[in-house]
Structure formats: structure tokens, C-alpha cells
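A.B. asks: Here you go, start.cif (mmCIF, C-alpha atoms):
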data_run
loop_
_atom_site.label_atom_id
_atom_site.label_comp_id
_atom_site.auth_asym_id
_atom_site.auth_seq_id
_atom_site.Cartn_x
_atom_site.Cartn_y
_atom_site.Cartn_z
CA MET A 383 -13.90 50.78 -69.65
CA ILE A 384 -10.51 52.40 -69.04
CA ALA A 385 -10.76 54.43 -72.26
CA THR A 386 -14.17 55.73 -71.11
CA LEU A 387 -12.63 56.64 -67.77
CA ALA A 388 -9.83 58.47 -69.59
CA GLU A 389 -12.33 60.52 -71.60
CA HIS A 390 -13.88 61.75 -68.35
CA ALA A 391 -10.58 62.65 -66.69
CA PRO A 392 -8.33 63.94 -69.47
CA LEU A 393 -6.45 66.15 -67.03
CA PHE A 394 -4.78 63.17 -65.39
CA ILE A 395 -4.17 61.32 -68.66
CA ARG A 396 -2.26 63.86 -70.73
CA PRO A 397 0.86 65.56 -69.31
CA LEU A 398 0.54 69.21 -68.28
CA PRO A 399 2.07 71.71 -70.74
CA VAL A 400 4.53 73.10 -68.19
CA TRP A 401 7.76 72.67 -70.18
CA ASN A 402 8.74 76.32 -69.76
CA VAL A 403 8.15 76.49 -66.02
CA TRP A 404 9.32 73.01 -65.02
CA TRP A 405 11.64 74.47 -62.36
CA LEU A 406 8.61 75.87 -60.48
CA LEU A 407 7.44 72.30 -59.93
CA MET A 408 10.19 71.96 -57.31
CA LEU A 409 8.15 74.09 -54.88
CA PRO A 410 5.14 71.79 -54.21
CA LEU A 411 7.47 68.79 -53.81
CA CYS A 412 9.64 70.64 -51.27
CA ILE A 413 6.57 71.79 -49.35
CA GLY A 414 5.07 68.28 -49.34
CA VAL A 415 8.30 66.68 -48.14
CA ALA A 416 8.64 69.34 -45.42
CA ILE A 417 5.07 68.84 -44.15
CA VAL A 418 5.36 65.03 -43.98
CA TYR A 419 8.84 65.11 -42.44
CA LYS A 420 7.88 67.60 -39.75
CA SER A 421 4.54 65.87 -39.08
CA ILE A 422 6.52 62.73 -38.27
CA LYS A 423 9.26 64.47 -36.30
CA CYS A 424 7.38 67.07 -34.22
CA HIS A 425 5.93 65.99 -30.89
CA SER A 426 2.98 68.36 -31.23
CA MET A 427 1.12 68.99 -34.49
CA LYS A 428 0.65 72.62 -33.44
CA SER A 429 4.29 73.36 -34.22
CA VAL A 430 4.19 71.66 -37.66
CA PRO A 431 3.09 74.65 -39.81
CA ARG A 432 5.93 76.88 -38.54
CA GLU A 433 8.57 74.13 -38.58
CA ALA A 434 7.53 72.90 -42.02
CA THR A 435 7.66 76.45 -43.42
CA VAL A 436 11.18 76.92 -42.08
CA ILE A 437 12.49 73.61 -43.42
CA ALA A 438 10.76 74.10 -46.80
CA ILE A 439 12.55 77.44 -47.17
CA TRP A 440 15.86 75.79 -46.22
CA ILE A 441 15.35 72.98 -48.74
CA ILE A 442 14.58 75.49 -51.52
CA LEU A 443 17.57 77.67 -50.58
CA GLY A 444 19.79 74.57 -50.49
CA MET A 445 18.62 73.49 -53.95
CA VAL A 446 19.14 77.00 -55.35
CA ALA A 447 22.65 77.04 -53.85
CA ALA A 448 23.40 73.59 -55.29
CA ALA A 449 22.12 74.68 -58.71
CA ALA A 450 24.25 77.85 -58.59
CA ALA A 451 27.33 75.87 -57.54
CA LEU A 452 26.82 73.33 -60.35
CA ALA A 453 26.22 76.10 -62.89
CA GLY A 454 29.42 77.79 -61.73
CA LEU A 455 31.34 74.53 -61.99
CA MET A 456 30.03 73.89 -65.51
CA HIS A 457 30.92 77.46 -66.52
CA PHE A 458 34.45 76.93 -65.12
CA ILE A 459 34.86 73.58 -66.94
CA ASP A 460 33.55 74.97 -70.25
CA ARG A 461 35.97 77.92 -70.21
CA MET B 83 3.81 55.90 -14.65
CA SER B 84 2.92 57.92 -17.74
CA ASP B 85 -0.54 59.47 -18.07
CA ALA B 86 -0.52 58.94 -21.83
CA PRO B 87 -3.44 56.77 -22.97
CA ARG B 88 -2.67 53.12 -23.79
CA ILE B 89 -3.03 52.19 -27.44
CA SER B 90 -3.78 48.56 -28.18
CA ALA B 91 -3.41 48.37 -31.97
CA PRO B 92 -0.79 45.77 -33.03
CA PRO B 93 2.07 47.29 -35.08
CA PRO B 94 1.64 44.99 -38.15
CA LEU B 95 -2.03 45.98 -38.36
CA VAL B 96 -1.08 49.65 -38.03
CA ALA B 97 1.50 49.21 -40.82
CA LEU B 98 -1.11 47.58 -43.05
CA ALA B 99 -3.62 50.36 -42.39
CA ALA B 100 -0.93 52.96 -43.10
CA TRP B 101 -0.20 51.29 -46.46
CA ILE B 102 -3.87 50.91 -47.44
CA ILE B 103 -4.70 54.55 -46.63
CA PRO B 104 -1.77 56.96 -46.21
CA GLY B 105 -2.05 58.35 -42.68
CA GLY B 106 -4.45 55.54 -41.67
CA GLY B 107 -1.93 54.06 -39.23
CA TYR B 108 -1.97 57.23 -37.15
CA TRP B 109 -5.77 57.15 -37.08
CA MET B 110 -5.56 53.66 -35.57
CA ILE B 111 -3.36 54.92 -32.75
CA ARG B 112 -5.62 57.96 -32.27
CA GLN B 113 -3.24 60.58 -33.65
CA ARG B 114 -5.79 61.84 -36.11
CA ASN B 115 -4.35 65.29 -36.80
CA ARG B 116 -0.98 63.78 -37.63
CA GLY B 117 -2.61 61.12 -39.80
CA THR B 118 -4.72 63.65 -41.69
CA GLY B 119 -1.77 65.97 -42.35
CA ILE B 120 0.50 63.18 -43.54
CA GLY B 121 -2.19 61.35 -45.51
CA VAL B 122 -3.43 64.42 -47.35
CA SER B 123 0.14 65.53 -48.17
CA ILE B 124 1.10 62.10 -49.57
CA ILE B 125 -2.07 61.72 -51.64
CA VAL B 126 -1.76 65.28 -52.99
CA LEU B 127 1.89 64.67 -53.98
CA PHE B 128 0.94 61.43 -55.74
CA LEU B 129 -1.96 63.06 -57.60
CA LEU B 130 0.21 66.05 -58.52
CA GLY B 131 2.73 63.63 -60.06
CA ILE B 132 0.00 62.07 -62.18
CA LEU B 133 -1.36 65.51 -63.06
CA ILE B 134 2.06 66.77 -64.17
CA GLY B 135 3.30 63.73 -66.10
CA GLY B 136 0.05 61.96 -66.96
CA ILE B 137 -1.03 58.64 -65.51
CA ARG B 138 1.45 56.74 -67.68
CA VAL B 139 4.26 57.79 -65.30
CA VAL B 140 3.00 55.00 -63.04
CA GLU B 141 4.51 51.99 -64.75
CA ALA B 142 4.20 48.52 -63.29
CA PRO B 143 6.75 46.02 -64.61
CA PRO B 144 5.30 43.12 -66.65
CA ALA B 145 6.56 40.63 -64.04
CA ILE B 146 7.74 40.99 -60.45
CA SER B 147 11.15 39.60 -61.47
CA GLN B 148 11.60 42.61 -63.76
CA ILE B 149 11.10 45.18 -60.99
CA LEU B 150 14.70 46.42 -61.35
CA GLN B 151 13.91 47.60 -64.87
CA ARG B 152 11.40 50.04 -63.34
CA PRO B 153 12.65 50.59 -59.77
CA TRP B 154 10.55 53.74 -59.34
CA PHE B 155 7.49 51.47 -59.20
CA ILE B 156 8.68 50.33 -55.74
CA GLY B 157 8.04 53.90 -54.53
CA GLN B 158 4.76 54.13 -56.41
CA PHE B 159 3.64 50.79 -54.90
CA LEU B 160 4.34 52.09 -51.39
CA VAL B 161 1.57 54.70 -51.78
CA GLY B 162 -0.87 51.79 -51.39
CA PRO B 163 -3.88 50.66 -53.42
CA LEU B 164 -3.95 54.12 -55.01
CA GLY B 165 -0.64 53.30 -56.70
CA LEU B 166 -1.86 49.86 -57.79
CA ILE B 167 -5.08 51.30 -59.25
CA ALA B 168 -3.08 53.98 -61.09
CA ALA B 169 -0.74 51.28 -62.47
CA TRP B 170 -3.73 49.19 -63.60
CA ILE B 171 -5.28 52.18 -65.40
CA SER B 172 -1.89 53.13 -66.87
CA ASN B 173 -1.22 49.64 -68.21
CA GLY B 174 -4.79 49.45 -69.55
CA LEU B 175 -4.41 52.76 -71.38
CA GLY B 176 -1.12 51.55 -72.87
CA THR B 177 -3.01 48.81 -74.69
CA THR B 178 -5.73 51.05 -76.16
CA ALA B 179 -5.26 52.51 -79.63
CA ALA B 180 -6.43 56.00 -78.63
CA TYR B 181 -4.11 56.41 -75.64
CA ALA B 182 -1.12 54.18 -76.36
CA ASP B 183 0.92 57.15 -77.58
CA VAL B 184 -0.23 59.56 -74.86
CA ILE B 185 2.89 59.54 -72.73
CA SER B 186 5.06 62.30 -71.29
CA HIS B 187 8.72 62.64 -72.20
CA SER B 188 11.89 64.19 -70.91
CA ARG B 189 11.73 66.43 -67.82
CA ILE B 190 7.96 66.31 -67.41
CA ASN B 191 8.03 62.52 -67.30
CA GLU B 192 10.92 62.57 -64.83
CA ILE B 193 9.22 65.12 -62.57
CA GLY B 194 5.93 63.20 -62.60
CA THR B 195 7.76 59.97 -61.78
CA LEU B 196 9.70 61.75 -59.03
CA TYR B 197 6.53 63.09 -57.39
CA THR B 198 4.80 59.69 -57.39
CA ALA B 199 7.87 57.79 -56.15
CA VAL B 200 8.69 60.36 -53.44
CA ALA B 201 5.07 60.17 -52.23
CA GLY B 202 5.56 56.42 -51.74
CA MET B 203 8.89 56.84 -49.96
CA LEU B 204 7.30 59.38 -47.60
CA ASN B 205 4.49 56.89 -46.95
CA LEU B 206 7.13 54.27 -46.06
CA MET B 207 8.50 56.70 -43.44
CA ALA B 208 4.96 57.19 -42.12
CA ILE B 209 4.34 53.41 -42.04
CA ILE B 210 7.51 52.83 -40.02
CA ASP B 211 6.80 55.72 -37.65
CA ALA B 212 3.15 54.76 -37.03
CA SER B 213 4.16 51.13 -36.38
CA PHE B 214 6.91 52.24 -34.01
CA ARG B 215 4.50 54.46 -32.10
CA ALA B 216 1.99 51.58 -31.88
CA GLY B 217 4.75 49.30 -30.60
CA GLN B 218 5.58 51.77 -27.82
CA GLY B 219 2.07 51.21 -26.47
CA LYS B 220 1.54 54.86 -25.63
CA GLU B 221 1.56 58.20 -27.38
CA VAL B 222 5.11 59.17 -28.31
#
Would you kindly transcribe this structure into C-alpha cells?

C.D. replies:
Amino acid sequence: MIATLAEHAPLFIRPLPVWNVWWLLMLPLCIGVAIVYKSIKCHSMKSVPREATVIAIWIILGMVAAAAALAGLMHFIDR
Amino acid sequence: MSDAPRISAPPPLVALAAWIIPGGGYWMIRQRNRGTGIGVSIIVLFLLGILIGGIRVVEAPPAISQILQRPWFIGQFLVGPLGLIAAWISNGLGTTAAYADVISHSRINEIGTLYTAVAGMLNLMAIIDASFRAGQGKEV
């Protein structure tokens, strides 16, 4: 039964071939976390889209900064 | 006295509803927009994780005592019955000859696992928040 199910939904069975763009997968996760976090925190749901956009941008900028700092550190250590 | 409407749902029931359907706890305390936004986001994140890494990223341990060998399943379990169904299908596929070797590796496996586990951790936040709001007895 499960094998039949798998034949009808192969998209969710086999991994996506996204090896070369794996870093782009950070974006939906950041956006999802921002939406849920702000939906919990904001008093009114009307302010969620704007607040979630702002915090998603901050999360992405923070991760880019952390990646740059770690890359710099590794470059310094490898010298 | 506050004008906010009284909400009579008991917090444990709200927590259970929030686990069964992500965002369902907020529906019980009549915060439907909040529940829809949170529920859809959590379910989409979980499904994206399965889409990216394949359903085999949801790995239930063979016994509950071995949960520390696969701690990410705690997060996946927190998504609710959706996580349990995914684990059942994943374990079933692992025993079939055609799909036993269909499993993601390296970064793709890690990213898929991360998505599914983070979805569960976000649902835990939503469960706690919805229960707290129900316990306050009014809209907070």
C-alpha cells in the first residue's frame, strides 16, 4: 500500500535535485520562522505582514554576516 | 472590567487541538486569523522539508527508549499526526525493496531534517502560546 502511495507522489519521496542552490533554501525557512514568531508576538494580525518582513530581512542579514565572519575566520586560520 | 470576550476552552484541550492541527488551538479560542497564519506556515514548512529531503528525513526511532539516537524526531513529532503519518510512511518505505535505497544524503538530508524539526519546534511555541491565552480567559 505504501509503495503504491509512493508511486503516486514521487515528488515527496525522492529528494529534490537542489545540490547547487542549497543556500537558497535558507530563505523559505527564515520567512516561515518570521511569520510564526510575529503571529505569536503581535497583538494584532494586521501588523504581522510588515513585522514579519522586517524580521525575516534581519534574520537573513544576520546569517549572511555570520557566514562572512566565519569565512573570514577560516581564511585567517588557513593563512 | 475588560470588554474582551470570555473564552471558555480549557488550556489542556486547546494544547491538544493545537498539536492535532497546527493553529487549531487558536481556532478554539476564536483567534482564527492567527491560527490560520500559524497553521499554514507550520504545515508548509513541514511539507517543504519532506519535498526537499524526501519523506525518509522523518525517521522514527525503533523504540521510544532510543529517541536520543534520533533527537530530531522530537521536533517532527511536535508537528502532530502529520509527523506521525510521515514517519509511518517513511518507515514503511524503508522496508520495501523499491524504495529502501531512496534516501537523501549530506546537506539535502540535513536541510530537510532541519525544516521538519523546526516546524515542530514552532508548533510547540504555538501550543504554549494558545494554551496561555486560553488560560487567561480573555483575548490577550

A.B. asks: Taking a cut-off of 10 Å and counting only C-alpha atoms, can you build a table that, for each residue of chain B near chain A, reports the nearest atom pair and how far apart they are in Å (one decimal), sorted by chain then residue number, as CSV?

C.D. replies:
residue,atom,partner,partner_atom,distance
B:Gln113,CA,A:Met427,CA,9.5
B:Asn115,CA,A:Met427,CA,7.0
B:Arg116,CA,A:Ser421,CA,6.1
B:Gly117,CA,A:Ser421,CA,8.6
B:Thr118,CA,A:Ser421,CA,9.9
B:Gly119,CA,A:Ser421,CA,7.1
B:Ile120,CA,A:Val418,CA,5.2
B:Gly121,CA,A:Val418,CA,8.5
B:Val122,CA,A:Val418,CA,9.4
B:Ser123,CA,A:Gly414,CA,5.8
B:Ile124,CA,A:Gly414,CA,7.3
B:Ile125,CA,A:Gly414,CA,10.0
B:Val126,CA,A:Gly414,CA,8.3
B:Leu127,CA,A:Gly414,CA,6.7
B:Leu129,CA,A:Phe394,CA,8.3
B:Leu130,CA,A:Pro410,CA,8.7
B:Gly131,CA,A:Phe394,CA,9.2
B:Ile132,CA,A:Phe394,CA,5.9
B:Leu133,CA,A:Phe394,CA,4.8
B:Ile134,CA,A:Leu398,CA,5.0
B:Gly135,CA,A:Pro397,CA,4.4
B:Gly136,CA,A:Pro397,CA,4.4
B:Ile137,CA,A:Ile395,CA,5.2
B:Arg138,CA,A:Ile395,CA,7.3
B:Val139,CA,A:Pro397,CA,9.4
B:Trp170,CA,A:Ile384,CA,9.3
B:Ile171,CA,A:Ile384,CA,6.4
B:Ser172,CA,A:Ile395,CA,8.7
B:Asn173,CA,A:Ile384,CA,9.7
B:Gly174,CA,A:Ile384,CA,6.5
B:Leu175,CA,A:Ile384,CA,6.5
B:Thr177,CA,A:Ala385,CA,9.9
B:Thr178,CA,A:Ala385,CA,7.2
B:Ala179,CA,A:Ala385,CA,9.4
B:Ala180,CA,A:Ala385,CA,7.9
B:Tyr181,CA,A:Ala385,CA,7.7
B:Val184,CA,A:Arg396,CA,6.3
B:Ile185,CA,A:Arg396,CA,7.0
B:Ser186,CA,A:Pro397,CA,5.7
B:His187,CA,A:Pro397,CA,8.9
B:Ser188,CA,A:Trp401,CA,9.5
B:Arg189,CA,A:Trp404,CA,7.5
B:Ile190,CA,A:Trp401,CA,6.9
B:Asn191,CA,A:Pro397,CA,8.0
B:Ile193,CA,A:Leu407,CA,7.9
B:Gly194,CA,A:Pro397,CA,8.7
B:Leu196,CA,A:Leu411,CA,9.0
B:Tyr197,CA,A:Leu411,CA,6.8
B:Val200,CA,A:Val415,CA,8.3
B:Ala201,CA,A:Val415,CA,8.3
B:Leu204,CA,A:Val418,CA,7.0
B:Asn205,CA,A:Val418,CA,8.7
B:Met207,CA,A:Ile422,CA,8.2
B:Ala208,CA,A:Ile422,CA,6.9
B:Asp211,CA,A:Ile422,CA,7.0
B:Ala212,CA,A:Ile422,CA,8.7
B:Glu221,CA,A:His425,CA,9.6
B:Val222,CA,A:His425,CA,7.3

A.B. asks: What does the file look like for those residues with C-alpha atoms, as a PDB file, in the coordinates of the input?

C.D. replies:
ATOM      1  CA  GLN B 113      -3.240  60.580 -33.650  1.00  0.00           C
ATOM      2  CA  ASN B 115      -4.350  65.290 -36.800  1.00  0.00           C
ATOM      3  CA  ARG B 116      -0.980  63.780 -37.630  1.00  0.00           C
ATOM      4  CA  GLY B 117      -2.610  61.120 -39.800  1.00  0.00           C
ATOM      5  CA  THR B 118      -4.720  63.650 -41.690  1.00  0.00           C
ATOM      6  CA  GLY B 119      -1.770  65.970 -42.350  1.00  0.00           C
ATOM      7  CA  ILE B 120       0.500  63.180 -43.540  1.00  0.00           C
ATOM      8  CA  GLY B 121      -2.190  61.350 -45.510  1.00  0.00           C
ATOM      9  CA  VAL B 122      -3.430  64.420 -47.350  1.00  0.00           C
ATOM     10  CA  SER B 123       0.140  65.530 -48.170  1.00  0.00           C
ATOM     11  CA  ILE B 124       1.100  62.100 -49.570  1.00  0.00           C
ATOM     12  CA  ILE B 125      -2.070  61.720 -51.640  1.00  0.00           C
ATOM     13  CA  VAL B 126      -1.760  65.280 -52.990  1.00  0.00           C
ATOM     14  CA  LEU B 127       1.890  64.670 -53.980  1.00  0.00           C
ATOM     15  CA  LEU B 129      -1.960  63.060 -57.600  1.00  0.00           C
ATOM     16  CA  LEU B 130       0.210  66.050 -58.520  1.00  0.00           C
ATOM     17  CA  GLY B 131       2.730  63.630 -60.060  1.00  0.00           C
ATOM     18  CA  ILE B 132       0.000  62.070 -62.180  1.00  0.00           C
ATOM     19  CA  LEU B 133      -1.360  65.510 -63.060  1.00  0.00           C
ATOM     20  CA  ILE B 134       2.060  66.770 -64.170  1.00  0.00           C
ATOM     21  CA  GLY B 135       3.300  63.730 -66.100  1.00  0.00           C
ATOM     22  CA  GLY B 136       0.050  61.960 -66.960  1.00  0.00           C
ATOM     23  CA  ILE B 137      -1.030  58.640 -65.510  1.00  0.00           C
ATOM     24  CA  ARG B 138       1.450  56.740 -67.680  1.00  0.00           C
ATOM     25  CA  VAL B 139       4.260  57.790 -65.300  1.00  0.00           C
ATOM     26  CA  TRP B 170      -3.730  49.190 -63.600  1.00  0.00           C
ATOM     27  CA  ILE B 171      -5.280  52.180 -65.400  1.00  0.00           C
ATOM     28  CA  SER B 172      -1.890  53.130 -66.870  1.00  0.00           C
ATOM     29  CA  ASN B 173      -1.220  49.640 -68.210  1.00  0.00           C
ATOM     30  CA  GLY B 174      -4.790  49.450 -69.550  1.00  0.00           C
ATOM     31  CA  LEU B 175      -4.410  52.760 -71.380  1.00  0.00           C
ATOM     32  CA  THR B 177      -3.010  48.810 -74.690  1.00  0.00           C
ATOM     33  CA  THR B 178      -5.730  51.050 -76.160  1.00  0.00           C
ATOM     34  CA  ALA B 179      -5.260  52.510 -79.630  1.00  0.00           C
ATOM     35  CA  ALA B 180      -6.430  56.000 -78.630  1.00  0.00           C
ATOM     36  CA  TYR B 181      -4.110  56.410 -75.640  1.00  0.00           C
ATOM     37  CA  VAL B 184      -0.230  59.560 -74.860  1.00  0.00           C
ATOM     38  CA  ILE B 185       2.890  59.540 -72.730  1.00  0.00           C
ATOM     39  CA  SER B 186       5.060  62.300 -71.290  1.00  0.00           C
ATOM     40  CA  HIS B 187       8.720  62.640 -72.200  1.00  0.00           C
ATOM     41  CA  SER B 188      11.890  64.190 -70.910  1.00  0.00           C
ATOM     42  CA  ARG B 189      11.730  66.430 -67.820  1.00  0.00           C
ATOM     43  CA  ILE B 190       7.960  66.310 -67.410  1.00  0.00           C
ATOM     44  CA  ASN B 191       8.030  62.520 -67.300  1.00  0.00           C
ATOM     45  CA  ILE B 193       9.220  65.120 -62.570  1.00  0.00           C
ATOM     46  CA  GLY B 194       5.930  63.200 -62.600  1.00  0.00           C
ATOM     47  CA  LEU B 196       9.700  61.750 -59.030  1.00  0.00           C
ATOM     48  CA  TYR B 197       6.530  63.090 -57.390  1.00  0.00           C
ATOM     49  CA  VAL B 200       8.690  60.360 -53.440  1.00  0.00           C
ATOM     50  CA  ALA B 201       5.070  60.170 -52.230  1.00  0.00           C
ATOM     51  CA  LEU B 204       7.300  59.380 -47.600  1.00  0.00           C
ATOM     52  CA  ASN B 205       4.490  56.890 -46.950  1.00  0.00           C
ATOM     53  CA  MET B 207       8.500  56.700 -43.440  1.00  0.00           C
ATOM     54  CA  ALA B 208       4.960  57.190 -42.120  1.00  0.00           C
ATOM     55  CA  ASP B 211       6.800  55.720 -37.650  1.00  0.00           C
ATOM     56  CA  ALA B 212       3.150  54.760 -37.030  1.00  0.00           C
ATOM     57  CA  GLU B 221       1.560  58.200 -27.380  1.00  0.00           C
ATOM     58  CA  VAL B 222       5.110  59.170 -28.310  1.00  0.00           C
TER      59      VAL B 222
END

A.B. asks: To one decimal in Å, tell me the separation between CA of Pro94 (chain B) and CA of Thr198 (chain B).

C.D. replies: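 Computing the Euclidean distance for CA of Pro94 (chain B) and CA of Thr198 (chain B) yields 24.4 Å.
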
A.B. asks: Which residues, protein or nucleic acid, reach to within 12 Å of (6.2, 47.9, -34.0) in the file's coordinates when using all atoms listed in the file, and can you give that as a PyMOL selection string?

C.D. replies: chain B and resi 90-98+107+111+209-220

A.B. asks: So how far away is CA of Ala99 (chain B) from CA of Ala169 (chain B), in Å?

C.D. replies: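 Computing the Euclidean distance for CA of Ala169 (chain B) and CA of Ala99 (chain B) yields 20.3 Å.
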
A.B. asks: Around region 414-417 of chain A, fit a box with edges along x, y and z, padding it by 6 Å on each side, then list its centre and edge lengths in Å to one decimal as JSON.

C.D. replies:
{"center_x": 6.9, "center_y": 68.0, "center_z": -46.7, "size_x": 15.6, "size_y": 14.7, "size_z": 17.2}
